[in-house]
Each structure stands twice: as structure tokens, then as C-alpha cells.
>>> print(open('coords-v9.cif').read())   # mmCIF, C-alpha atoms
data_work
#
loop_
_atom_site.label_atom_id
_atom_site.label_comp_id
_atom_site.auth_asym_id
_atom_site.auth_seq_id
_atom_site.Cartn_x
_atom_site.Cartn_y
_atom_site.Cartn_z
CA MET A 1 43.52 55.52 23.65
CA ARG A 2 44.49 52.11 25.05
CA LYS A 3 43.64 49.27 22.75
CA LYS A 4 41.61 46.46 24.33
CA LYS A 5 43.17 43.02 24.06
CA ASN A 6 41.06 40.07 23.00
CA PHE A 7 41.64 36.87 24.94
CA TYR A 8 41.73 33.55 23.13
CA LEU A 9 43.24 30.10 23.71
CA THR A 10 46.12 28.89 21.58
CA ASN A 11 46.24 25.33 20.25
CA SER A 12 48.57 24.23 23.05
CA GLN A 13 46.33 25.75 25.73
CA LYS A 14 43.20 24.05 24.43
CA PHE A 15 44.51 20.61 25.37
CA TYR A 16 46.34 21.64 28.51
CA ILE A 17 44.91 20.36 31.80
CA THR A 18 45.64 22.83 34.56
CA GLU A 19 46.72 21.97 38.07
CA THR A 20 43.30 22.90 39.44
CA ALA A 21 41.59 20.55 37.00
CA LYS A 22 44.04 17.74 37.84
CA LYS A 23 43.36 18.20 41.53
CA GLN A 24 39.58 18.15 41.10
CA LEU A 25 39.75 15.11 38.80
CA LEU A 26 41.92 13.27 41.34
CA ILE A 27 39.53 14.07 44.20
CA THR A 28 36.57 12.96 42.11
CA GLY A 29 38.29 9.68 41.18
CA ILE A 30 39.22 8.87 44.80
CA LEU A 31 35.71 9.55 46.10
CA LEU A 32 34.16 7.48 43.31
CA PHE A 33 36.52 4.63 44.21
CA PHE A 34 35.20 4.67 47.79
CA ILE A 35 31.63 4.47 46.53
CA LYS A 36 32.45 1.53 44.24
CA PHE A 37 34.30 -0.16 47.08
CA GLY A 38 31.28 0.27 49.36
CA GLY A 39 29.12 -1.34 46.69
CA ARG A 40 31.18 -4.53 47.12
CA VAL A 41 30.82 -4.63 50.92
CA PRO A 42 28.09 -7.20 51.58
CA VAL A 43 25.11 -6.48 53.78
CA PRO A 44 25.10 -8.90 56.76
CA GLN A 45 22.86 -11.96 56.49
CA THR A 46 22.80 -11.76 52.67
CA ASN A 47 26.17 -13.43 51.97
CA ASN A 48 24.54 -16.52 50.46
CA LEU A 49 22.23 -14.55 48.18
CA LEU A 50 23.34 -14.07 44.57
CA LEU A 51 21.99 -11.27 42.45
CA THR A 52 21.53 -13.67 39.55
CA ASP A 53 18.85 -15.45 41.56
CA ILE A 54 17.16 -12.16 42.41
CA ALA A 55 17.16 -11.02 38.79
CA ARG A 56 15.04 -14.04 37.83
CA THR A 57 12.21 -12.74 40.03
CA ASN A 58 11.87 -9.64 37.80
CA SER A 59 11.30 -7.54 40.90
CA PRO A 60 11.52 -3.79 40.19
CA ILE A 61 12.58 -3.11 43.78
CA ILE A 62 15.49 -5.56 43.64
CA SER A 63 16.64 -4.39 40.21
CA ILE A 64 17.98 -1.12 41.64
CA LEU A 65 20.69 -3.13 43.41
CA MET A 66 22.10 -4.42 40.11
CA SER A 67 23.96 -1.15 39.49
CA ALA A 68 25.94 -1.37 42.73
CA SER A 69 27.11 -5.00 42.49
CA LYS A 70 28.20 -7.49 39.88
CA PRO A 71 25.70 -10.12 38.74
CA ASP A 72 27.59 -12.84 40.64
CA SER A 73 28.21 -10.90 43.86
CA VAL A 74 26.32 -10.22 47.06
CA ILE A 75 24.14 -7.19 47.75
CA GLY A 76 26.35 -4.21 48.54
CA MET A 77 25.97 -1.83 51.45
CA PHE A 78 25.75 1.07 48.99
CA GLY A 79 23.07 -0.75 46.99
CA LEU A 80 20.49 2.04 47.24
CA GLY A 81 23.02 4.56 45.97
CA ILE A 82 21.86 8.11 45.35
CA LEU A 83 18.29 7.21 44.29
CA PRO A 84 16.61 8.01 47.65
CA TYR A 85 18.10 11.50 47.57
CA LEU A 86 16.93 12.09 43.99
CA ASN A 87 13.40 11.02 44.89
CA ALA A 88 13.49 13.25 47.98
CA SER A 89 14.71 16.20 45.88
CA ILE A 90 11.85 15.80 43.38
CA ILE A 91 9.31 15.59 46.20
CA MET A 92 10.74 18.70 47.86
CA GLN A 93 10.58 20.62 44.57
CA LEU A 94 6.89 19.79 44.25
CA LEU A 95 6.25 20.61 47.92
CA THR A 96 8.00 23.96 47.50
CA VAL A 97 5.54 24.84 44.74
CA ILE A 98 2.50 23.63 46.69
CA ASN A 99 3.41 24.88 50.20
CA PRO A 100 3.50 28.71 50.51
CA LYS A 101 5.76 28.60 53.59
CA LEU A 102 8.43 26.54 51.82
CA SER A 103 8.13 28.72 48.73
CA LYS A 104 8.62 31.89 50.79
CA MET A 105 11.54 30.29 52.63
CA GLN A 106 13.25 29.43 49.35
CA LYS A 107 12.71 32.86 47.79
CA GLU A 108 13.25 35.19 50.75
CA GLY A 109 15.08 33.07 53.31
CA GLY A 110 18.51 33.54 51.75
CA SER A 111 21.27 31.11 52.70
CA LEU A 112 19.47 30.13 55.91
CA GLY A 113 16.32 29.24 53.99
CA ARG A 114 18.28 27.14 51.50
CA LYS A 115 20.03 25.33 54.34
CA THR A 116 16.67 24.61 56.00
CA ILE A 117 15.22 23.20 52.77
CA GLY A 118 18.40 21.16 52.32
CA PHE A 119 17.93 19.77 55.84
CA TYR A 120 14.33 18.82 55.07
CA THR A 121 15.49 17.14 51.86
CA ARG A 122 18.09 15.06 53.73
CA LEU A 123 15.52 14.11 56.37
CA LEU A 124 13.10 13.03 53.66
CA CYS A 125 15.96 11.12 52.00
CA LEU A 126 16.64 9.28 55.28
CA THR A 127 12.97 8.33 55.65
CA TRP A 128 12.66 7.27 52.00
CA ALA A 129 15.84 5.16 52.18
CA PHE A 130 14.64 3.37 55.31
CA ILE A 131 11.24 2.58 53.78
CA GLN A 132 12.90 1.40 50.57
CA GLY A 133 15.32 -0.71 52.60
CA LEU A 134 12.41 -2.38 54.39
CA SER A 135 10.71 -3.13 51.07
CA ILE A 136 13.90 -4.74 49.77
CA ALA A 137 14.37 -6.71 52.99
CA PHE A 138 10.87 -8.21 52.82
CA SER A 139 11.40 -8.96 49.11
CA LEU A 140 14.42 -11.04 50.13
CA LYS A 141 12.51 -13.08 52.70
CA GLY A 142 12.20 -16.14 50.49
CA TYR A 143 15.95 -16.16 49.75
CA LEU A 144 17.38 -15.83 53.25
CA PHE A 145 18.26 -18.84 55.38
CA ASP A 146 18.14 -17.22 58.83
CA TRP A 147 15.03 -15.08 58.84
CA ASN A 148 13.71 -13.63 62.09
CA SER A 149 11.85 -10.55 63.29
CA ASN A 150 15.05 -8.45 63.46
CA THR A 151 16.33 -9.34 59.97
CA PRO A 152 14.37 -6.76 57.91
CA TRP A 153 15.24 -3.97 60.34
CA GLU A 154 18.95 -4.82 60.24
CA ILE A 155 19.06 -4.99 56.45
CA SER A 156 17.14 -1.72 56.14
CA LEU A 157 19.47 -0.05 58.66
CA TYR A 158 22.56 -1.11 56.72
CA LEU A 159 21.13 -0.01 53.36
CA THR A 160 19.94 3.31 54.81
CA THR A 161 23.35 3.98 56.35
CA GLY A 162 25.02 3.19 53.04
CA SER A 163 22.66 5.53 51.18
CA MET A 164 23.42 8.42 53.57
CA ILE A 165 27.18 7.79 53.20
CA VAL A 166 26.78 7.92 49.42
CA LEU A 167 24.89 11.22 49.80
CA TRP A 168 27.72 12.63 51.94
CA ILE A 169 30.38 11.55 49.43
CA SER A 170 28.36 12.98 46.53
CA GLU A 171 28.22 16.34 48.30
CA LEU A 172 32.01 16.17 48.73
CA ILE A 173 32.32 15.56 44.98
CA THR A 174 30.09 18.55 44.30
CA LYS A 175 32.15 20.76 46.61
CA TYR A 176 35.69 19.66 45.79
CA GLY A 177 35.35 17.65 42.55
CA ILE A 178 34.87 18.40 38.89
CA ILE A 179 31.07 18.08 38.67
CA ASN A 180 27.84 17.59 40.59
CA GLY A 181 28.19 14.41 42.64
CA ALA A 182 24.66 13.05 42.17
CA SER A 183 24.83 13.52 38.39
CA ILE A 184 28.12 11.70 37.93
CA LEU A 185 27.02 8.80 40.17
CA ILE A 186 23.91 8.23 38.08
CA SER A 187 25.87 8.50 34.84
CA LEU A 188 28.50 5.99 35.92
CA ASN A 189 25.84 3.49 36.96
CA LEU A 190 24.19 3.87 33.55
CA LEU A 191 27.43 3.76 31.56
CA GLN A 192 28.73 0.60 33.22
CA ASN A 193 25.58 -1.25 32.11
CA TRP A 194 25.50 0.32 28.63
CA PRO A 195 27.75 -2.26 26.82
CA LYS A 196 25.90 -5.20 28.35
CA GLN A 197 22.52 -3.73 27.45
CA LEU A 198 23.61 -2.90 23.90
CA PHE A 199 25.03 -6.40 23.38
CA SER A 200 21.90 -8.09 24.74
CA VAL A 201 19.69 -5.98 22.45
CA THR A 202 21.75 -6.41 19.27
CA SER A 203 22.46 -10.13 19.77
CA SER A 204 19.03 -11.09 18.42
CA LEU A 205 19.25 -8.78 15.36
CA ASN A 206 20.68 -9.34 11.92
CA LEU A 207 23.16 -6.97 10.26
CA PHE A 208 20.48 -4.67 8.85
CA GLY A 209 18.71 -4.47 12.19
CA ARG A 210 21.95 -3.58 13.98
CA ILE A 211 22.69 -0.82 11.47
CA VAL A 212 19.19 0.60 11.89
CA LEU A 213 19.41 0.46 15.69
CA ILE A 214 22.86 2.07 15.92
CA GLY A 215 21.84 4.76 13.41
CA SER A 216 18.67 5.47 15.43
CA LEU A 217 20.69 5.75 18.64
CA GLY A 218 23.09 8.16 16.89
CA ILE A 219 20.16 10.35 15.79
CA SER A 220 18.64 10.35 19.28
CA ILE A 221 22.00 11.25 20.88
CA GLY A 222 22.30 14.19 18.46
CA ILE A 223 18.81 15.36 19.46
CA CYS A 224 19.77 15.03 23.14
CA ILE A 225 22.73 17.36 22.53
CA LEU A 226 20.36 19.76 20.77
CA LEU A 227 17.97 19.71 23.73
CA GLN A 228 20.77 20.28 26.23
CA GLU A 229 22.54 23.08 24.37
CA SER A 230 19.69 24.98 22.68
CA THR A 231 18.67 28.19 24.42
CA THR A 232 16.74 31.33 23.63
CA GLN A 233 16.98 34.81 25.11
CA ILE A 234 14.69 37.61 26.18
CA GLN A 235 16.25 41.05 26.15
CA ILE A 236 16.01 43.12 29.33
CA ILE A 237 16.85 46.76 29.95
CA SER A 238 18.20 47.96 33.27
CA ALA A 239 17.03 51.43 34.30
CA LYS A 240 20.25 51.91 36.28
CA LYS A 241 22.49 51.32 33.28
CA ILE A 242 20.61 53.24 30.61
CA SER A 243 22.79 55.84 28.98
CA LYS A 244 23.27 57.16 25.49
CA LYS A 245 26.79 55.78 25.29
CA GLU A 246 25.77 52.25 26.33
CA LEU A 247 22.91 52.22 23.85
CA GLN A 248 25.27 53.24 21.07
CA ASN A 249 27.70 50.44 22.04
CA ASN A 250 24.84 47.89 21.96
CA LYS A 251 25.52 46.70 25.50
CA LYS A 252 22.43 44.56 25.97
CA GLU A 253 21.41 42.12 28.70
CA TYR A 254 19.38 38.98 28.25
CA ILE A 255 17.58 36.28 30.23
CA PRO A 256 18.50 32.81 28.85
CA PHE A 257 15.95 29.98 28.67
CA LYS A 258 16.80 26.36 27.90
CA LEU A 259 14.80 24.38 25.38
CA ASN A 260 14.40 21.51 27.85
CA PRO A 261 15.02 22.65 31.44
CA ALA A 262 13.10 19.68 32.85
CA GLY A 263 15.63 17.04 31.67
CA VAL A 264 14.38 13.45 31.90
CA LEU A 265 11.64 14.10 34.47
CA PRO A 266 8.82 14.38 31.88
CA ILE A 267 9.67 10.90 30.56
CA VAL A 268 9.81 9.49 34.10
CA PHE A 269 6.48 11.07 35.06
CA ALA A 270 4.87 9.89 31.83
CA SER A 271 5.98 6.28 32.41
CA TYR A 272 4.61 6.40 35.98
CA VAL A 273 1.26 7.74 34.79
CA ILE A 274 0.97 5.10 32.06
CA SER A 275 1.77 2.30 34.53
CA PHE A 276 -0.81 3.72 36.94
CA LEU A 277 -3.48 3.99 34.23
CA ILE A 278 -2.89 0.41 33.09
CA SER A 279 -3.24 -0.82 36.69
CA VAL A 280 -6.46 1.18 37.21
CA PHE A 281 -8.02 0.02 33.92
CA SER A 282 -7.10 -3.60 34.65
CA PHE A 283 -8.77 -3.34 38.08
CA ILE A 284 -11.91 -1.75 36.59
CA PHE A 285 -12.16 -4.39 33.84
CA PHE A 286 -11.69 -7.12 36.45
CA LYS A 287 -14.54 -5.73 38.55
CA MET A 288 -16.79 -5.34 35.50
CA SER A 289 -16.23 -8.78 33.96
CA GLY A 290 -15.31 -10.82 37.03
CA SER A 291 -12.24 -12.14 35.23
CA ILE A 292 -8.80 -10.94 34.18
CA TYR A 293 -9.79 -8.52 31.44
CA SER A 294 -6.72 -6.55 30.40
CA PRO A 295 -6.66 -3.25 28.45
CA ILE A 296 -5.11 -5.20 25.57
CA LYS A 297 -8.30 -7.20 25.12
CA PHE A 298 -10.39 -4.05 25.46
CA LEU A 299 -8.50 -2.24 22.68
CA GLY A 300 -8.62 -5.24 20.40
CA SER A 301 -5.02 -6.32 19.87
CA GLU A 302 -1.59 -6.04 21.41
CA THR A 303 -0.26 -4.05 18.43
CA PHE A 304 -2.99 -1.44 18.70
CA PHE A 305 -2.42 -1.26 22.47
CA LYS A 306 1.30 -0.54 21.99
CA ILE A 307 0.59 2.16 19.41
CA PHE A 308 -2.03 3.69 21.71
CA SER A 309 0.44 3.65 24.64
CA MET A 310 3.12 5.36 22.52
CA LEU A 311 0.74 8.16 21.55
CA VAL A 312 -0.40 8.64 25.15
CA GLU A 313 3.23 8.75 26.29
CA PHE A 314 4.01 11.37 23.63
CA ILE A 315 1.15 13.60 24.79
CA LEU A 316 2.09 13.22 28.46
CA ILE A 317 5.75 14.09 27.77
CA CYS A 318 4.72 17.30 25.99
CA LEU A 319 2.40 18.31 28.82
CA PHE A 320 4.81 17.41 31.64
CA THR A 321 7.68 19.27 29.96
CA SER A 322 5.64 22.47 29.79
CA PHE A 323 4.29 22.00 33.33
CA TYR A 324 7.61 21.19 35.00
CA SER A 325 9.37 24.02 33.17
CA ARG A 326 6.88 26.43 34.72
CA ILE A 327 7.75 24.97 38.13
CA ILE A 328 11.52 25.31 37.68
CA LEU A 329 11.32 28.77 36.07
CA ASN A 330 8.45 30.53 37.81
CA PRO A 331 7.46 33.52 35.60
CA LYS A 332 6.07 35.42 38.60
CA ASP A 333 9.39 35.14 40.45
CA ILE A 334 11.30 36.31 37.37
CA ALA A 335 8.99 39.32 36.99
CA GLU A 336 9.40 40.24 40.65
CA LYS A 337 13.19 39.99 40.49
CA LEU A 338 13.26 42.20 37.38
CA LYS A 339 11.07 44.77 39.12
CA LYS A 340 13.26 44.79 42.24
CA SER A 341 16.41 45.26 40.16
CA SER A 342 14.79 48.16 38.23
CA SER A 343 14.85 46.17 34.99
CA PHE A 344 12.12 45.64 32.42
CA LEU A 345 11.40 44.06 29.06
CA PRO A 346 11.36 46.39 26.03
CA GLY A 347 7.82 47.65 25.40
CA ILE A 348 6.30 45.75 28.36
CA ARG A 349 5.34 47.21 31.71
CA PRO A 350 6.93 45.73 34.85
CA GLY A 351 4.79 43.56 37.09
CA ARG A 352 1.77 41.65 35.85
CA GLU A 353 2.30 42.31 32.12
CA THR A 354 5.88 41.05 32.37
CA ASP A 355 4.64 37.98 34.24
CA ASP A 356 2.02 37.25 31.55
CA TYR A 357 4.53 37.75 28.73
CA ILE A 358 7.17 35.45 30.27
CA LYS A 359 4.49 32.87 31.11
CA THR A 360 3.23 32.78 27.52
CA PHE A 361 6.71 32.75 26.06
CA LEU A 362 7.96 30.00 28.41
CA THR A 363 4.87 27.85 27.81
CA LYS A 364 5.31 27.96 24.02
CA PHE A 365 9.08 27.45 24.09
CA SER A 366 9.04 24.60 26.63
CA PHE A 367 6.15 22.95 24.78
CA LEU A 368 8.33 23.00 21.66
CA GLY A 369 11.06 21.26 23.67
CA GLY A 370 8.47 18.76 24.90
CA ILE A 371 7.39 18.02 21.33
CA ILE A 372 11.01 17.35 20.30
CA LEU A 373 11.56 15.16 23.38
CA GLY A 374 8.29 13.32 22.82
CA LEU A 375 8.98 12.74 19.12
CA THR A 376 12.44 11.36 19.95
CA THR A 377 10.94 8.98 22.51
CA LEU A 378 8.24 7.98 20.03
CA PHE A 379 10.87 7.46 17.32
CA LEU A 380 12.91 5.06 19.50
CA ASN A 381 9.75 3.22 20.58
CA ILE A 382 8.73 2.73 16.94
CA VAL A 383 12.23 1.49 16.04
CA GLY A 384 12.11 -0.98 18.94
CA PHE A 385 8.62 -2.09 17.90
CA LEU A 386 9.58 -2.63 14.25
CA LEU A 387 12.75 -4.52 15.22
CA ASN A 388 10.71 -6.60 17.69
CA LEU A 389 12.82 -5.56 20.66
CA PRO A 390 11.31 -5.92 24.15
CA ASN A 391 12.58 -2.53 25.37
CA LEU A 392 15.42 -0.06 24.99
CA GLN A 393 15.41 0.99 28.64
CA GLY A 394 19.15 0.53 29.20
CA ILE A 395 20.14 2.54 26.11
CA GLY A 396 17.05 4.67 25.55
CA ILE A 397 16.42 8.39 25.55
CA THR A 398 16.40 8.69 29.36
CA VAL A 399 19.91 7.28 29.68
CA GLN A 400 21.15 9.37 26.75
CA ILE A 401 19.89 12.66 28.18
CA ILE A 402 21.51 12.01 31.57
CA VAL A 403 24.87 10.92 30.17
CA VAL A 404 25.01 13.65 27.51
CA GLY A 405 24.13 16.30 30.08
CA VAL A 406 26.90 15.16 32.45
CA LEU A 407 29.53 14.99 29.68
CA ILE A 408 28.62 18.49 28.48
CA GLU A 409 28.84 19.79 32.05
CA ILE A 410 32.30 18.23 32.50
CA VAL A 411 33.58 19.75 29.25
CA GLN A 412 32.24 23.18 30.19
CA LYS A 413 33.79 22.97 33.66
CA MET A 414 37.16 22.02 32.17
CA LYS A 415 36.99 24.98 29.77
CA VAL A 416 36.24 27.35 32.66
CA LEU A 417 39.18 26.02 34.65
CA VAL A 418 41.55 26.35 31.68
CA ILE A 419 40.44 29.92 30.96
CA SER A 420 40.57 31.04 34.60
CA ASP A 421 44.03 29.53 35.21
CA THR A 422 45.32 30.97 31.93
CA TYR A 423 44.14 34.44 32.98
CA LYS A 424 45.99 34.05 36.28
#
>>> encode(input="coords-v9.cif", output="C-alpha cells")
Amino acid sequence: MRKKKNFYLTNSQKFYITETAKKQLLITGILLFFIKFGGRVPVPQTNNLLLTDIARTNSPIISILMSASKPDSVIGMFGLGILPYLNASIIMQLLTVINPKLSKMQKEGGSLGRKTIGFYTRLLCLTWAFIQGLSIAFSLKGYLFDWNSNTPWEISLYLTTGSMIVLWISELITKYGIINGASILISLNLLQNWPKQLFSVTSSLNLFGRIVLIGSLGISIGICILLQESTTQIQIISAKKISKKELQNNKKEYIPFKLNPAGVLPIVFASYVISFLISVFSFIFFKMSGSIYSPIKFLGSETFFKIFSMLVEFILICLFTSFYSRIILNPKDIAEKLKKSSSFLPGIRPGRETDDYIKTFLTKFSFLGGIILGLTTLFLNIVGFLLNLPNLQGIGITVQIIVVGVLIEIVQKMKVLVISDTYK
């Protein structure tokens, strides 16, 4: 009988970068250079506008341009970056769940259906980028010297064109590079601002406060790695592969489930909901009292209002994590695919019972991930509150999850390339 050889990497192979990996890293670096270069190309009619002056307005629309240009430079043509495409992708995911036609196209349309949904996503990205460009253009009205009726349309056209070029380059990175293009673009924009954000936060703290903050960030980064890497499995049995010999050899198949498949979206949705609720309550109090009556005054004190907001954010993160996980991993679709492939869960009938079991299991498991994510967010908010820090947005849990996820993906891709080239 021929003895089966076990494959493993030697110490020299573990640190060896293969030719394929070098090629993909080189392509990724060149394409990223073009994007950074485009971020330094000024939009016409904004040459005399410095980003330092815009930053003083505290405009949330203008702040998205800070990642594409230096604080003392002009607004870049690639200022919108990949954000319009990300927003369009999230909207299309929600529309796919709501609209039966899009859902059927995604499930049963095959490659043609995926291409059609991709086309709709790009079209929505184009529309979103143009609207966002117009909003930015009108926000710049007070800073431009030569303003006329054509100015906002020209600025929006340039920014929209730059955003679509960034989308095209990111797809090239995904196809020929080392990692998903959109992910690495977001991570680089966050990482380049990380040192400045950390310095600005720690500059007002004493030695003890800096130790507490850095230790808290280390704990939250460890939890982010836990959320990204932790998975559970549900055993499945294939009717086509059942045999006495396979059962004796314990050849089992599983469906993996991540602890946090939703990523940072629950935190983003929770922040949007809280901002919306504050705006609605402020409007209602204004109508009731006839004066500016903020929720802070209604709840009694600013401290109590912050604590109340933290608890509401924690609850929303738990709920959104469970909800969005059900959208990404539809239990009904999983049950149907298992039934079509003649597979089933041990002791559970195919069809509706499998759907109910996966739904219950996924709800509990994703809710556990939401609790961990919510507690981590609450922990950093409490640390920032006790240290009297305004916010930890530039180095908070959202940034950590994105960066950690991208770094883990790069390491895994490098391992796959090393193993595949070593086999060859």
C-alpha cells in the first residue's frame, strides 16, 4: 500500500515570497501609486482653496476629501475615492433583499445575473458620486473666487469622473493584485491618518492616560482579530457520498459561519440611527417648547445623555449585527442549496426544518458576535469618556476592524500563493 505524504512548509519556505506573489504585489503597488497621484491632481477652479480652511468649517461632506489630499494642498480629482461605490454596494445589498426580481436574478441568474447586478451597482455609484459632487461643490461656494452657474456642474463632473476611475483601478487591483481593491484603498486612507489621529488624541493626556489608552487599543485590536477569525461549523451529510468506508474514516463536511460576518456595518448603521434620533428629538422639543430644547436638557445632564447614548448604541449594534447577518447568510437559501445537492443536517429533515434550524442557530451565534462587538465599542467609549477625549473616531473600533480584516486577508493570500507555488 502506498504511503500518503503529508505536505508542510519548511522554515525557509515560510518566509519565501514566490514569483506570483511578487508580481501581484508589484501590480498592486503601481495601481495604488496612480490613485495617490490622482489625489494630488487639483480640480479646476479650486486651486486657491486650501483644505486647512475647509477643515475649520467642520463640514462632514468636505471632511471626506481630507483622505485624498494633504492638509496644505488643493482638492484632488480622486477626492471622493471609493466611498460612492461602497455606499452603492450597501444599497444594492438591501435592494436585493427587498426586491424579489433582484433576489431571483442573484440566486438563479448565474454569471449573467451577477454581471447585471454589478452593472446596476456601477450605475448607482455614478449617480451617487454625481450627487455627492454637487453637494461638495455647493459647500465650496463661499470659498471660490469665480463662481457662476456652471461651476458646481464642472466640479461635480470632475469629482465623479475621478471616482469612476478609482473604481476601475480598484477592480484591476482585485483582478490582478494581492487583495480586494476597495478594501485596501479604505485601509490605506485610514492608516495614513492613524499616526496623526493618535498623536492628537494622546497630546492632551498625561503618562497614565497614555498607558491606559494604548492598553485599551491593544485589547480592542485583539478582540477585532477574535471577531475576524472566530468561526463555528454545522455538520452536513451528503447522500451521494454516504458509504460505510467514508463513515469509518470520519470524512465529514461542514458549513462554516463567522462570528461577525457583518463587519463594521452594524456600527455604521447604529451611528446613523443615533444621529437621526437626536435630530428628530431636537425638532420635536423645539416645536413643543418654541425654543432650542436639546435632548441633553430633557435627560437632565450631559453626562447622563452620553451614558444613555452609549447604551442605545450598544443595543443597536447587537440588533443590527443579527439582522445584517441574516441578510448576508440567508438561511432559506442555504437550506435550498443543501436540498438541491442532496445534503442534509444530521437528525433534521431537509427543507423547512433545516431552514428553521439554521435561522435559529445563526440568530444566536451572530447575536453573540454583536454582543462582543457592542461591548468593545462601549468599552472604548467609556475609556474616551473617562479620559475626557472628544472622540476616538480615527483610531476606534471601526478603523481597527477594517485594517485588521485587510491585513488578515493579505496574510492568508500570501500563504495560499506560497503553498500553491511550492506544490508546483
>>> closest_residue(input="coords-v9.cif", among="A:Ile155, A:Thr28, A:Gly347, A:Asn193", to="Ser139 in chain A", atoms="only C-alpha atoms")
A:Ile155
>>> atom_distance(input="coords-v9.cif", atom1="CA of Ile186 in chain A", atom2="CA of Gly162 in chain A")
15.8 Å
>>> resolve_selection(input="coords-v9.cif", expression="the PyMOL selection byres ((chain A and resi 120) around 12)", output="JSON, numbers by chain")
{"A": [85, 88, 89, 91, 92, 93, 95, 96, 102, 113, 114, 115, 116, 117, 118, 119, 121, 122, 123, 124, 125, 126, 127]}
>>> atom_distance(input="coords-v9.cif", atom1="CA of Phe269 in chain A", atom2="CA of Phe361 in chain A")
23.5 Å
>>> atom_distance(input="coords-v9.cif", atom1="CA of Leu157 in chain A", atom2="CA of Leu31 in chain A")
22.7 Å
>>> closest_residue(input="coords-v9.cif", among="A:Ser343, A:Ser111, A:Ser156, A:Thr161", to="Gln235 in chain A", atoms="all atoms listed in the file")
A:Ser343
>>> resolve_selection(input="coords-v9.cif", expression="the PyMOL selection byres ((chain A and resi 256-265) around 9)", output="PyMOL selection string")
chain A and resi 226-235+254-255+266-270+317+320-322+324-325+328-329+362+365-370+373+397-399+401-402+405
